[in-house]
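What follows is the content of upload-v9.txt, which has compact mmCIF, C-alpha atoms and all ligand atoms:
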# COMPACT_ATOMS: atom_id res chain seq x y z
CA MET A 1 0.00 0.00 0.00
CA GLY A 2 1.46 3.35 -1.04
CA CYS A 3 1.07 6.65 0.76
CA VAL A 4 0.26 9.99 -0.82
CA VAL A 5 0.50 13.26 1.07
CA TYR A 6 -2.05 15.55 -0.46
CA PRO A 7 -2.68 19.25 0.11
CA VAL A 8 -6.03 20.73 1.06
CA LEU A 9 -8.10 21.45 -2.02
CA MET A 10 -7.77 25.11 -2.93
CA LEU A 11 -10.69 26.91 -4.45
CA SER A 12 -10.90 29.67 -6.98
CA ASP A 13 -12.02 33.12 -5.77
CA ARG A 14 -15.75 32.51 -5.93
CA SER A 15 -17.67 29.25 -5.96
CA VAL A 16 -19.85 28.73 -9.00
CA VAL A 17 -22.73 26.25 -9.06
CA ALA A 18 -24.44 25.59 -12.40
CA VAL A 19 -28.03 24.37 -12.42
CA ALA A 20 -30.02 23.10 -15.42
CA ARG A 21 -33.58 21.89 -15.64
CA CYS A 22 -33.95 18.27 -16.67
CA PRO A 23 -37.53 17.03 -16.50
CA SER A 24 -36.80 13.34 -17.15
CA TYR A 25 -34.10 10.75 -17.74
CA GLU A 26 -34.81 10.76 -21.45
CA PRO A 27 -31.22 10.61 -22.82
CA GLU A 28 -31.50 13.69 -25.03
CA SER A 29 -32.69 15.90 -22.13
CA VAL A 30 -30.00 14.58 -19.81
CA ALA A 31 -27.27 15.10 -22.42
CA VAL A 32 -28.30 18.74 -22.91
CA ALA A 33 -28.51 19.39 -19.15
CA VAL A 34 -25.15 17.78 -18.40
CA ARG A 35 -23.43 19.65 -21.19
CA THR A 36 -25.04 22.90 -20.02
CA VAL A 37 -23.92 22.61 -16.38
CA LEU A 38 -20.39 21.57 -17.34
CA GLU A 39 -20.08 24.55 -19.68
CA LEU A 40 -21.70 27.11 -17.38
CA SER A 41 -19.60 26.06 -14.40
CA GLY A 42 -16.38 26.27 -16.44
CA LEU A 43 -15.67 22.62 -15.70
CA LEU A 44 -15.71 21.55 -19.32
CA ASP A 45 -12.55 23.52 -20.04
CA ARG A 46 -10.90 21.99 -17.01
CA LEU A 47 -11.92 18.50 -18.12
CA LYS A 48 -10.47 19.03 -21.57
CA ALA A 49 -6.99 18.98 -20.05
CA CYS A 50 -7.62 15.54 -18.50
CA ARG A 51 -6.83 12.24 -20.19
CA LYS A 52 -7.61 9.60 -17.62
CA ILE A 53 -10.98 10.23 -15.99
CA LEU A 54 -12.83 8.32 -13.27
CA LEU A 55 -16.61 8.56 -13.17
CA LYS A 56 -17.70 7.91 -9.58
CA PRO A 57 -21.48 7.51 -9.31
CA ASN A 58 -23.40 6.60 -6.16
CA LEU A 59 -23.81 2.80 -6.42
CA LEU A 60 -24.97 2.17 -2.88
CA SER A 61 -26.76 -1.11 -3.52
CA PRO A 62 -28.07 -3.37 -6.30
CA ARG A 63 -31.26 -1.46 -7.05
CA ILE A 64 -32.87 -0.55 -10.34
CA PRO A 65 -32.48 3.10 -11.45
CA GLU A 66 -36.21 3.81 -10.87
CA ASP A 67 -35.74 3.27 -7.11
CA ALA A 68 -33.63 6.48 -7.00
CA VAL A 69 -31.06 4.86 -4.70
CA THR A 70 -28.22 5.06 -7.22
CA THR A 71 -27.09 7.68 -9.71
CA HIS A 72 -29.17 7.23 -12.85
CA PRO A 73 -27.22 5.56 -15.68
CA SER A 74 -28.32 8.16 -18.22
CA VAL A 75 -26.56 10.89 -16.17
CA VAL A 76 -23.36 8.84 -15.94
CA GLU A 77 -23.56 8.10 -19.66
CA ALA A 78 -24.09 11.77 -20.55
CA VAL A 79 -21.00 12.75 -18.54
CA GLY A 80 -19.06 9.90 -20.18
CA VAL A 81 -20.10 10.90 -23.69
CA THR A 82 -19.08 14.50 -22.99
CA VAL A 83 -15.62 13.64 -21.68
CA ALA A 84 -15.03 10.88 -24.27
CA ARG A 85 -14.36 13.58 -26.89
CA PHE A 86 -11.03 14.44 -25.32
CA SER A 87 -10.14 11.79 -22.74
CA SER A 88 -8.06 8.76 -23.62
CA GLU A 89 -9.37 6.50 -20.87
CA ILE A 90 -12.64 6.50 -18.92
CA LEU A 91 -13.06 4.43 -15.77
CA ILE A 92 -16.28 3.83 -13.83
CA GLY A 93 -16.35 2.60 -10.25
CA ASP A 94 -17.55 2.88 -6.69
CA SER A 95 -17.14 0.87 -3.52
CA PRO A 96 -20.52 -0.30 -2.30
CA PRO A 97 -20.43 -2.19 1.00
CA PHE A 98 -20.24 -5.98 0.37
CA ALA A 99 -20.81 -5.77 -3.38
CA GLY A 100 -17.47 -4.02 -3.68
CA GLU A 101 -15.75 -6.77 -1.73
CA ASN A 102 -17.05 -9.54 -3.97
CA PRO A 103 -16.47 -9.44 -7.75
CA SER A 104 -19.57 -11.42 -8.65
CA ARG A 105 -21.83 -9.32 -6.40
CA TYR A 106 -20.23 -6.21 -7.86
CA ALA A 107 -21.02 -7.47 -11.38
CA THR A 108 -24.64 -8.05 -10.37
CA LEU A 109 -24.86 -4.58 -8.89
CA LEU A 110 -23.42 -3.00 -12.03
CA GLN A 111 -25.94 -4.85 -14.14
CA LYS A 112 -28.93 -3.99 -11.97
CA THR A 113 -28.05 -0.30 -11.70
CA GLY A 114 -27.59 -0.08 -15.47
CA MET A 115 -23.91 0.75 -15.07
CA SER A 116 -22.49 -2.21 -17.00
CA ASP A 117 -24.48 -1.23 -20.09
CA VAL A 118 -23.22 2.34 -19.76
CA ALA A 119 -19.63 1.15 -19.42
CA HIS A 120 -20.05 -1.07 -22.48
CA ARG A 121 -21.47 1.74 -24.64
CA LEU A 122 -18.77 4.17 -23.52
CA GLY A 123 -15.96 1.66 -23.89
CA ALA A 124 -15.13 2.44 -20.26
CA LYS A 125 -13.27 0.19 -17.88
CA VAL A 126 -15.10 -0.84 -14.73
CA VAL A 127 -12.93 -0.66 -11.60
CA ARG A 128 -13.29 -1.98 -8.05
CA PHE A 129 -11.71 0.21 -5.42
CA GLU A 130 -10.95 -2.85 -3.31
CA ASP A 131 -8.43 -4.18 -5.87
CA GLN A 132 -5.67 -1.90 -4.68
CA VAL A 133 -5.64 0.49 -1.78
CA VAL A 134 -3.53 3.57 -1.14
CA GLN A 135 -3.29 5.76 1.92
CA VAL A 136 -3.83 9.48 1.48
CA VAL A 137 -2.58 11.81 4.17
CA ASN A 138 -3.67 15.39 4.61
CA PRO A 139 -1.69 17.10 7.37
CA ALA A 140 -4.09 20.05 7.28
CA SER A 141 -7.15 17.95 8.17
CA LYS A 142 -9.12 18.93 11.26
CA LEU A 143 -9.71 15.47 12.72
CA TYR A 144 -8.91 12.56 10.37
CA ARG A 145 -5.53 12.96 8.75
CA SER A 146 -5.27 9.74 6.80
CA PHE A 147 -7.62 7.58 4.79
CA GLU A 148 -7.33 4.37 2.85
CA VAL A 149 -8.89 4.85 -0.58
CA GLY A 150 -8.94 2.86 -3.80
CA SER A 151 -5.61 3.58 -5.50
CA VAL A 152 -7.42 4.37 -8.75
CA VAL A 153 -8.65 7.53 -7.03
CA ARG A 154 -5.07 8.81 -7.01
CA GLU A 155 -4.11 7.49 -10.46
CA VAL A 156 -6.55 9.46 -12.59
CA ASP A 157 -6.26 13.05 -13.76
CA VAL A 158 -9.67 13.87 -12.34
CA ILE A 159 -12.59 12.20 -10.57
CA VAL A 160 -16.02 13.22 -11.75
CA ASN A 161 -18.01 12.69 -8.57
CA ILE A 162 -21.57 12.02 -9.83
CA ALA A 163 -23.70 12.20 -6.69
CA LYS A 164 -27.38 11.44 -6.22
CA LEU A 165 -29.45 13.85 -4.14
CA LYS A 166 -31.02 11.88 -1.30
CA ASN A 167 -31.84 12.21 2.35
CA HIS A 168 -29.45 10.57 4.78
CA ALA A 169 -30.14 9.52 8.35
CA LEU A 170 -26.79 10.77 9.66
CA THR A 171 -25.89 13.66 7.42
CA ARG A 172 -29.36 15.00 6.55
CA ILE A 173 -28.60 14.87 2.84
CA THR A 174 -26.17 12.80 0.85
CA GLY A 175 -24.77 14.88 -1.94
CA ALA A 176 -21.34 15.69 -3.32
CA VAL A 177 -19.40 15.52 -0.02
CA LYS A 178 -20.99 12.31 1.25
CA ASN A 179 -20.65 10.57 -2.13
CA LEU A 180 -16.86 10.73 -1.81
CA PHE A 181 -17.11 8.36 1.17
CA GLY A 182 -17.43 5.67 -1.52
CA CYS A 183 -13.72 6.16 -2.27
CA VAL A 184 -13.00 4.34 1.00
CA PRO A 185 -13.09 0.65 0.07
CA GLY A 186 -15.90 -1.60 1.23
CA ILE A 187 -16.52 -2.28 4.87
CA ARG A 188 -13.60 -0.08 5.98
CA LYS A 189 -16.32 2.56 5.88
CA GLY A 190 -18.01 0.83 8.83
CA LEU A 191 -15.03 1.54 11.06
CA PHE A 192 -15.49 5.25 10.51
CA HIS A 193 -19.14 4.91 11.44
CA VAL A 194 -18.13 3.32 14.74
CA ARG A 195 -15.48 5.89 15.55
CA ALA A 196 -17.82 8.75 14.74
CA ALA A 197 -21.10 7.29 15.98
CA ASP A 198 -21.18 9.11 19.30
CA ASP A 199 -21.27 12.40 17.53
CA ARG A 200 -22.70 13.16 14.12
CA GLU A 201 -20.47 16.20 13.85
CA VAL A 202 -17.47 13.91 14.11
CA PHE A 203 -18.84 11.82 11.27
CA ALA A 204 -19.48 14.96 9.19
CA GLN A 205 -15.98 16.24 9.99
CA MET A 206 -14.55 12.94 8.81
CA LEU A 207 -16.40 13.35 5.49
CA VAL A 208 -15.09 16.90 5.11
CA ASP A 209 -11.52 15.77 5.89
CA LEU A 210 -11.86 12.97 3.34
CA ALA A 211 -13.15 15.33 0.64
CA ALA A 212 -10.24 17.67 1.31
CA SER A 213 -7.77 14.79 1.14
CA ILE A 214 -8.93 13.50 -2.23
CA GLY A 215 -8.60 16.82 -3.99
CA ASN A 216 -8.62 16.20 -7.73
CA THR A 217 -12.38 16.14 -8.06
CA ILE A 218 -15.24 17.90 -9.79
CA HIS A 219 -18.86 17.33 -8.90
CA VAL A 220 -22.07 16.64 -10.81
CA MET A 221 -25.38 15.92 -9.08
CA ASP A 222 -28.30 13.88 -10.34
CA ALA A 223 -31.36 15.53 -8.82
CA VAL A 224 -33.76 14.68 -11.62
CA ILE A 225 -35.52 12.16 -9.40
CA ALA A 226 -34.16 12.57 -5.87
CA MET A 227 -35.04 10.67 -2.68
CA GLU A 228 -36.99 12.10 0.24
CA GLY A 229 -38.04 10.33 3.44
CA GLU A 230 -35.96 7.43 4.68
CA GLY A 231 -32.95 7.90 2.45
CA PRO A 232 -30.43 6.92 1.38
CA SER A 233 -32.04 3.61 0.43
CA ALA A 234 -35.58 3.26 1.79
CA GLY A 235 -37.14 6.62 0.95
CA GLN A 236 -39.50 7.70 -1.81
CA PRO A 237 -38.38 8.93 -5.21
CA ARG A 238 -39.26 12.60 -5.63
CA GLN A 239 -39.16 14.65 -8.81
CA VAL A 240 -36.86 17.67 -8.47
CA GLY A 241 -36.02 17.93 -12.16
CA ILE A 242 -32.50 19.34 -12.17
CA ILE A 243 -28.84 18.51 -12.72
CA LEU A 244 -26.13 20.55 -11.02
CA ALA A 245 -22.34 20.86 -11.31
CA SER A 246 -19.57 22.65 -9.46
CA ALA A 247 -15.89 22.48 -8.60
CA ASP A 248 -16.96 23.16 -5.00
CA PRO A 249 -18.72 20.25 -3.26
CA ILE A 250 -19.77 22.40 -0.30
CA ALA A 251 -21.42 25.00 -2.54
CA LEU A 252 -23.09 22.31 -4.62
CA ASP A 253 -24.61 20.68 -1.53
CA ALA A 254 -25.64 24.08 -0.18
CA VAL A 255 -27.59 24.89 -3.35
CA ALA A 256 -29.15 21.42 -3.57
CA SER A 257 -30.22 21.40 0.09
CA THR A 258 -31.73 24.87 -0.30
CA ILE A 259 -33.83 23.64 -3.22
CA VAL A 260 -35.31 20.81 -1.13
CA GLY A 261 -35.93 23.09 1.86
CA PHE A 262 -32.97 22.57 4.21
CA GLU A 263 -31.10 25.61 5.41
CA PRO A 264 -27.56 24.91 4.09
CA MET A 265 -25.85 25.36 7.46
CA SER A 266 -28.20 22.78 9.03
CA VAL A 267 -26.26 20.19 7.01
CA ASP A 268 -23.18 19.44 9.14
CA THR A 269 -20.89 18.70 6.19
CA THR A 270 -21.78 22.05 4.62
CA ARG A 271 -21.27 24.02 7.84
CA LEU A 272 -18.01 22.30 8.74
CA GLY A 273 -16.70 22.34 5.16
CA ASP A 274 -17.42 26.06 4.93
CA ALA A 275 -15.68 26.72 8.26
CA GLN A 276 -12.66 24.70 7.16
CA GLY A 277 -12.35 26.48 3.83
CA LEU A 278 -13.08 23.42 1.70
CA GLY A 279 -15.80 25.38 -0.02
CA CYS A 280 -18.52 27.95 0.39
CA GLY A 281 -21.76 27.01 2.15
CA ARG A 282 -23.23 30.52 2.29
CA LEU A 283 -25.81 30.90 -0.41
CA ASP A 284 -25.34 34.66 -0.70
CA SER A 285 -21.66 34.13 -1.53
CA ILE A 286 -22.21 31.44 -4.15
CA GLU A 287 -22.60 32.35 -7.79
CA VAL A 288 -25.51 30.28 -9.08
CA VAL A 289 -25.64 30.19 -12.89
CA GLY A 290 -28.25 28.72 -15.21
CA ALA A 291 -31.73 28.03 -13.90
CA ASN A 292 -33.23 30.27 -11.21
CA ILE A 293 -33.25 28.23 -8.00
CA ASP A 294 -36.15 30.24 -6.55
CA GLU A 295 -38.31 28.72 -9.27
CA LEU A 296 -37.04 25.23 -8.53
CA ARG A 297 -37.71 24.94 -4.80
CA VAL A 298 -39.77 21.90 -3.88
CA SER A 299 -42.26 22.11 -1.04
CA GLY A 300 -43.10 19.56 1.62
CA TRP A 301 -39.88 17.58 1.25
CA LEU A 302 -39.98 14.73 3.79
CA PRO A 303 -36.91 14.57 6.03
CA SER A 304 -35.39 11.34 7.34
CA SER A 305 -36.50 10.05 10.75
CA GLY A 306 -32.85 9.60 11.64
CA THR A 307 -32.03 13.26 11.21
CA ASN A 308 -31.27 14.86 14.54
CA ASP A 309 -29.98 18.28 15.44
CA TRP A 310 -28.29 17.76 18.80
CA THR A 311 -27.25 21.37 19.10
CA ARG A 312 -30.88 22.12 20.00
CA ILE A 313 -30.66 20.00 23.13
CA PRO A 314 -28.89 21.55 26.16
CA ALA A 315 -25.43 20.00 26.51
CA PRO A 316 -25.82 18.44 30.00
CA LEU A 317 -28.93 16.59 28.88
CA ARG A 318 -27.48 15.47 25.60
CA LYS A 319 -25.49 12.48 26.78
CA LEU A 320 -28.17 11.28 29.15
CA LEU A 321 -30.97 11.42 26.62
CA LYS A 322 -29.13 10.55 23.47
CA ARG A 323 -29.81 6.85 23.43
CA GLN A 324 -33.46 7.30 24.29
CA LEU A 325 -34.05 10.05 21.79
CA LEU A 326 -32.32 8.63 18.76
CA ALA A 327 -34.37 6.55 16.35
CA VAL A 328 -33.66 2.83 16.54
CA PRO A 329 -33.63 0.38 13.65
CA VAL A 330 -36.74 -1.81 13.57
CA PHE A 331 -36.69 -4.95 11.46
CA ARG A 332 -39.65 -5.96 9.29
CA ARG A 333 -40.31 -9.67 9.08
CA ASP A 334 -42.56 -9.23 6.02
CA ARG A 335 -39.76 -7.75 3.93
CA CYS A 336 -36.61 -9.36 5.34
CA ILE A 337 -35.07 -12.00 3.08
CA GLY A 338 -32.54 -13.11 5.70
CA CYS A 339 -29.50 -12.14 3.63
CA GLY A 340 -27.50 -11.18 6.74
CA ASP A 341 -25.93 -8.08 5.17
CA CYS A 342 -27.03 -5.91 8.09
CA VAL A 343 -25.50 -8.32 10.62
CA GLN A 344 -22.24 -8.31 8.75
CA ILE A 345 -21.99 -4.55 8.43
CA CYS A 346 -22.87 -3.88 12.07
CA ALA A 347 -19.45 -3.11 13.50
CA ALA A 348 -20.96 -2.69 16.97
CA LYS A 349 -22.06 -6.35 16.85
CA ALA A 350 -25.56 -5.38 17.89
CA LEU A 351 -27.33 -7.79 15.52
CA THR A 352 -27.83 -11.55 15.55
CA VAL A 353 -28.56 -13.49 12.38
CA GLY A 354 -32.21 -14.32 11.80
CA ARG A 355 -35.12 -13.50 9.56
CA PRO A 356 -35.32 -10.78 10.58
CA PRO A 357 -32.18 -10.32 12.68
CA THR A 358 -32.56 -9.45 16.36
CA LEU A 359 -31.22 -6.21 17.79
CA ASP A 360 -29.34 -5.75 21.03
CA ALA A 361 -30.43 -2.16 21.64
CA ALA A 362 -27.84 -1.61 24.38
CA ARG A 363 -25.03 -2.27 21.92
CA CYS A 364 -26.55 -0.32 19.03
CA ILE A 365 -24.71 2.93 18.41
CA ARG A 366 -27.37 4.25 15.98
CA CYS A 367 -24.99 4.53 13.08
CA TYR A 368 -27.72 3.29 10.68
CA CYS A 369 -25.32 1.34 8.51
CA CYS A 370 -27.83 -1.56 8.60
CA HIS A 371 -30.63 0.72 7.37
CA GLU A 372 -28.37 1.99 4.61
CA ILE A 373 -27.26 -1.44 3.41
CA CYS A 374 -30.61 -3.25 3.39
CA SER A 375 -31.72 -3.52 -0.23
CA SER A 376 -35.07 -5.06 0.80
CA ARG A 377 -36.22 -1.94 2.68
CA ALA A 378 -36.77 -4.18 5.68
CA ILE A 379 -35.37 -1.78 8.29
CA ASP A 380 -37.37 1.20 9.52
CA LEU A 381 -36.05 3.90 11.84
CA ARG A 382 -38.41 4.56 14.71
CA TYR A 383 -38.43 6.96 17.63
CA GLY A 384 -39.30 5.65 21.08
CA THR A 385 -42.12 6.70 23.35
CA LEU A 386 -40.09 9.30 25.24
CA ALA A 387 -39.12 11.19 22.10
CA ARG A 388 -42.73 11.14 20.95
CA LEU A 389 -44.10 12.18 24.34
CA LEU A 390 -41.74 15.14 24.44
CA GLY A 391 -42.46 16.00 20.84
CA ILE A 392 -38.72 16.04 20.26
CA HIS A 393 -38.95 13.85 17.20
CA ARG A 394 -40.99 16.59 15.52
CA LEU A 395 -38.46 19.26 16.52
CA MET A 396 -35.66 17.14 15.10
CA LEU A 397 -37.52 16.23 11.96
CA HIS A 398 -38.40 19.73 11.01
CA THR A 399 -35.32 21.75 11.85
CA GLY A 400 -34.19 23.66 8.83
CA GLN A 401 -37.46 23.17 6.94
S1 LIG A 501 -33.03 -6.75 7.44
FE1 LIG A 501 -32.39 -6.43 5.30
S2 LIG A 501 -30.15 -6.62 5.29
FE2 LIG A 501 -30.92 -7.51 7.25
S3 LIG A 501 -31.16 -9.70 6.84
FE3 LIG A 501 -33.14 -8.74 6.44
S4 LIG A 501 -33.11 -8.25 4.23
FE4 LIG A 501 -30.97 -8.67 4.83
S1 LIG A 502 -27.84 -2.27 14.58
FE1 LIG A 502 -27.67 -0.92 12.82
S2 LIG A 502 -27.77 1.14 13.70
FE2 LIG A 502 -27.31 -0.27 15.39
S3 LIG A 502 -25.07 -0.28 15.53
FE3 LIG A 502 -25.66 -2.00 14.17
S4 LIG A 502 -25.55 -1.15 12.09
FE4 LIG A 502 -25.56 0.60 13.51

Encoded form (structure tokens):
Amino acid sequence: MGCVVYPVLMLSDRSVVAVARCPSYEPESVAVAVRTVLELSGLLDRLKACRKILLKPNLLSPRIPEDAVTTHPSVVEAVGVTVARFSSEILIGDSPPFAGENPSRYATLLQKTGMSDVAHRLGAKVVRFEDQVVQVVNPASKLYRSFEVGSVVREVDVIVNIAKLKNHALTRITGAVKNLFGCVPGIRKGLFHVRAADDREVFAQMLVDLAASIGNTIHVMDAVIAMEGEGPSAGQPRQVGIILASADPIALDAVASTIVGFEPMSVDTTRLGDAQGLGCGRLDSIEVVGANIDELRVSGWLPSSGTNDWTRIPAPLRKLLKRQLLAVPVFRRDRCIGCGDCVQICAAKALTVGRPPTLDAARCIRCYCCHEICSSRAIDLRYGTLARLLGIHRLMLHTGQ
């Protein structure tokens, strides 16, 4: 395993986020929207200087594109077609938990998500981040100074980070910053969940440190059909009808979260990334080009039940109440297929194999990795009686709305 010391990503003077309407995944519409945002953001010129390009979609689990869990293949293909005019080699890859560890499961995932067909049509090479790992070190990080990532991440001229806009139980939304967590191979990601589980801000800080460590990245977001509710895998698809692009992942997430009704600074990764200088999370300091975001705002966006804003709870009470107030995973017998993925990913060893698995609530650190991994939507997140009696679940659910 090699080691790369990488500087903090430096930004240009002002963060630009390009937004284009895209009413459907019809390939022609997507191609126009992708081309538009890459041109308006100035990223197309930057891409023209790159020869070896990695397309990094969100491939969380083996779900069909219509489920809105993964980046839609037509968006990945449109980016690929655009860069194919000047690049000499296009790679496509991600590191989904479990599927990334196992070549045949990875092949199934690529097929189900439509990514193998895209790779075939583009003549792109599919890569698994688990094949070779490199350590990146960023001495300027706030909390996490080194990460193991797929070595391909460091071998390309640029990574086009093609995120999917979804809710997330820990980070409120998963967008450009969170999507880079996929650069950490397979179940190594679970270790970060454990280390950061006592404090969501720690988890968010880890994501910001990782994004700053990777560096050579531009960002595109598929928000044509996004996911509200119990994202990132068990929510409902929701039409937002846009594609966005930026060199600044913090600004991109800030604009996207504004459109779905979250105040940008209520997203920990945006607030911490802005404070650290990774990007700009303040909407009034971001140059938004293309479509008018005031005309794009969606109303009544459903937040995730796992979204909590602990800063609203007085500090002395926080520790005492935390376990009782956080949503717990609840397993649905009617949907569980007994695959055991949740048991395997639970680094706290709070689950026992079964159909459905049984939970040891005292051990559960509420990291929600099980909820995220379950491709059968068999795990709900539920608040307990105390949280409901106090009405705190409503306070938590609607902060920033
Ligand atoms: S809850 Fe989901 S991940 Fe866990 S065993 Fe059942 S189907 Fe598999
Ligand atoms: S049961 Fe689920 S939420 Fe609890 S610690 Fe395990 S993976 Fe995390």

Please report the interatomic distance between atom CA of A:Arg172 and atom CA of A:Ile92 in Å with one decimal.
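Atom CA of A:Ile92 lies 26.7 Å from atom CA of A:Arg172.
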
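As for atom CA of A:Thr217 and atom CA of A:Ser141, they are spaced 17.1 Å apart.
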
Shell of 9 Å around ligand LIG 502 (chain A) (only C-alpha atoms and all ligand atoms), written as an MDAnalysis selection string:
chainID A and resid 190 193:194 197 327:330 342:351 358:361 363:373 379 381

Nearby residues, ligand LIG 501 (chain A), 7 Å, only C-alpha atoms and all ligand atoms, as an mmCIF file with C-alpha atoms, keeping the file's coordinate frame:
data_model
loop_
_atom_site.group_PDB
_atom_site.id
_atom_site.type_symbol
_atom_site.label_atom_id
_atom_site.label_comp_id
_atom_site.auth_asym_id
_atom_site.auth_seq_id
_atom_site.Cartn_x
_atom_site.Cartn_y
_atom_site.Cartn_z
ATOM 1 C CA PHE A 331 -36.690 -4.950 11.460
ATOM 2 C CA ARG A 332 -39.650 -5.960 9.290
ATOM 3 C CA ARG A 335 -39.760 -7.750 3.930
ATOM 4 C CA CYS A 336 -36.610 -9.360 5.340
ATOM 5 C CA ILE A 337 -35.070 -12.000 3.080
ATOM 6 C CA GLY A 338 -32.540 -13.110 5.700
ATOM 7 C CA CYS A 339 -29.500 -12.140 3.630
ATOM 8 C CA GLY A 340 -27.500 -11.180 6.740
ATOM 9 C CA ASP A 341 -25.930 -8.080 5.170
ATOM 10 C CA CYS A 342 -27.030 -5.910 8.090
ATOM 11 C CA VAL A 343 -25.500 -8.320 10.620
ATOM 12 C CA GLY A 354 -32.210 -14.320 11.800
ATOM 13 C CA ARG A 355 -35.120 -13.500 9.560
ATOM 14 C CA PRO A 356 -35.320 -10.780 10.580
ATOM 15 C CA PRO A 357 -32.180 -10.320 12.680
ATOM 16 C CA CYS A 370 -27.830 -1.560 8.600
ATOM 17 C CA ILE A 373 -27.260 -1.440 3.410
ATOM 18 C CA CYS A 374 -30.610 -3.250 3.390
ATOM 19 C CA SER A 375 -31.720 -3.520 -0.230
ATOM 20 C CA SER A 376 -35.070 -5.060 0.800
ATOM 21 C CA ARG A 377 -36.220 -1.940 2.680
ATOM 22 C CA ALA A 378 -36.770 -4.180 5.680
ATOM 23 C CA ILE A 379 -35.370 -1.780 8.290
#

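Of the residues under consideration (A:Gly235, A:Pro249, A:Gly273, A:Pro264), A:Pro249 shows the shortest atom-to-atom contact distance to A:Val16 when counting all atoms listed in the file.
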
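Between atom CA of A:Asp294 and atom CA of A:Leu252 the interatomic distance comes to 15.4 Å.
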
Which of A:Ser233, A:Arg14, A:Ile225, A:Ala124 sits closest to A:Glu287 [using all atoms listed in the file]:
A:Arg14
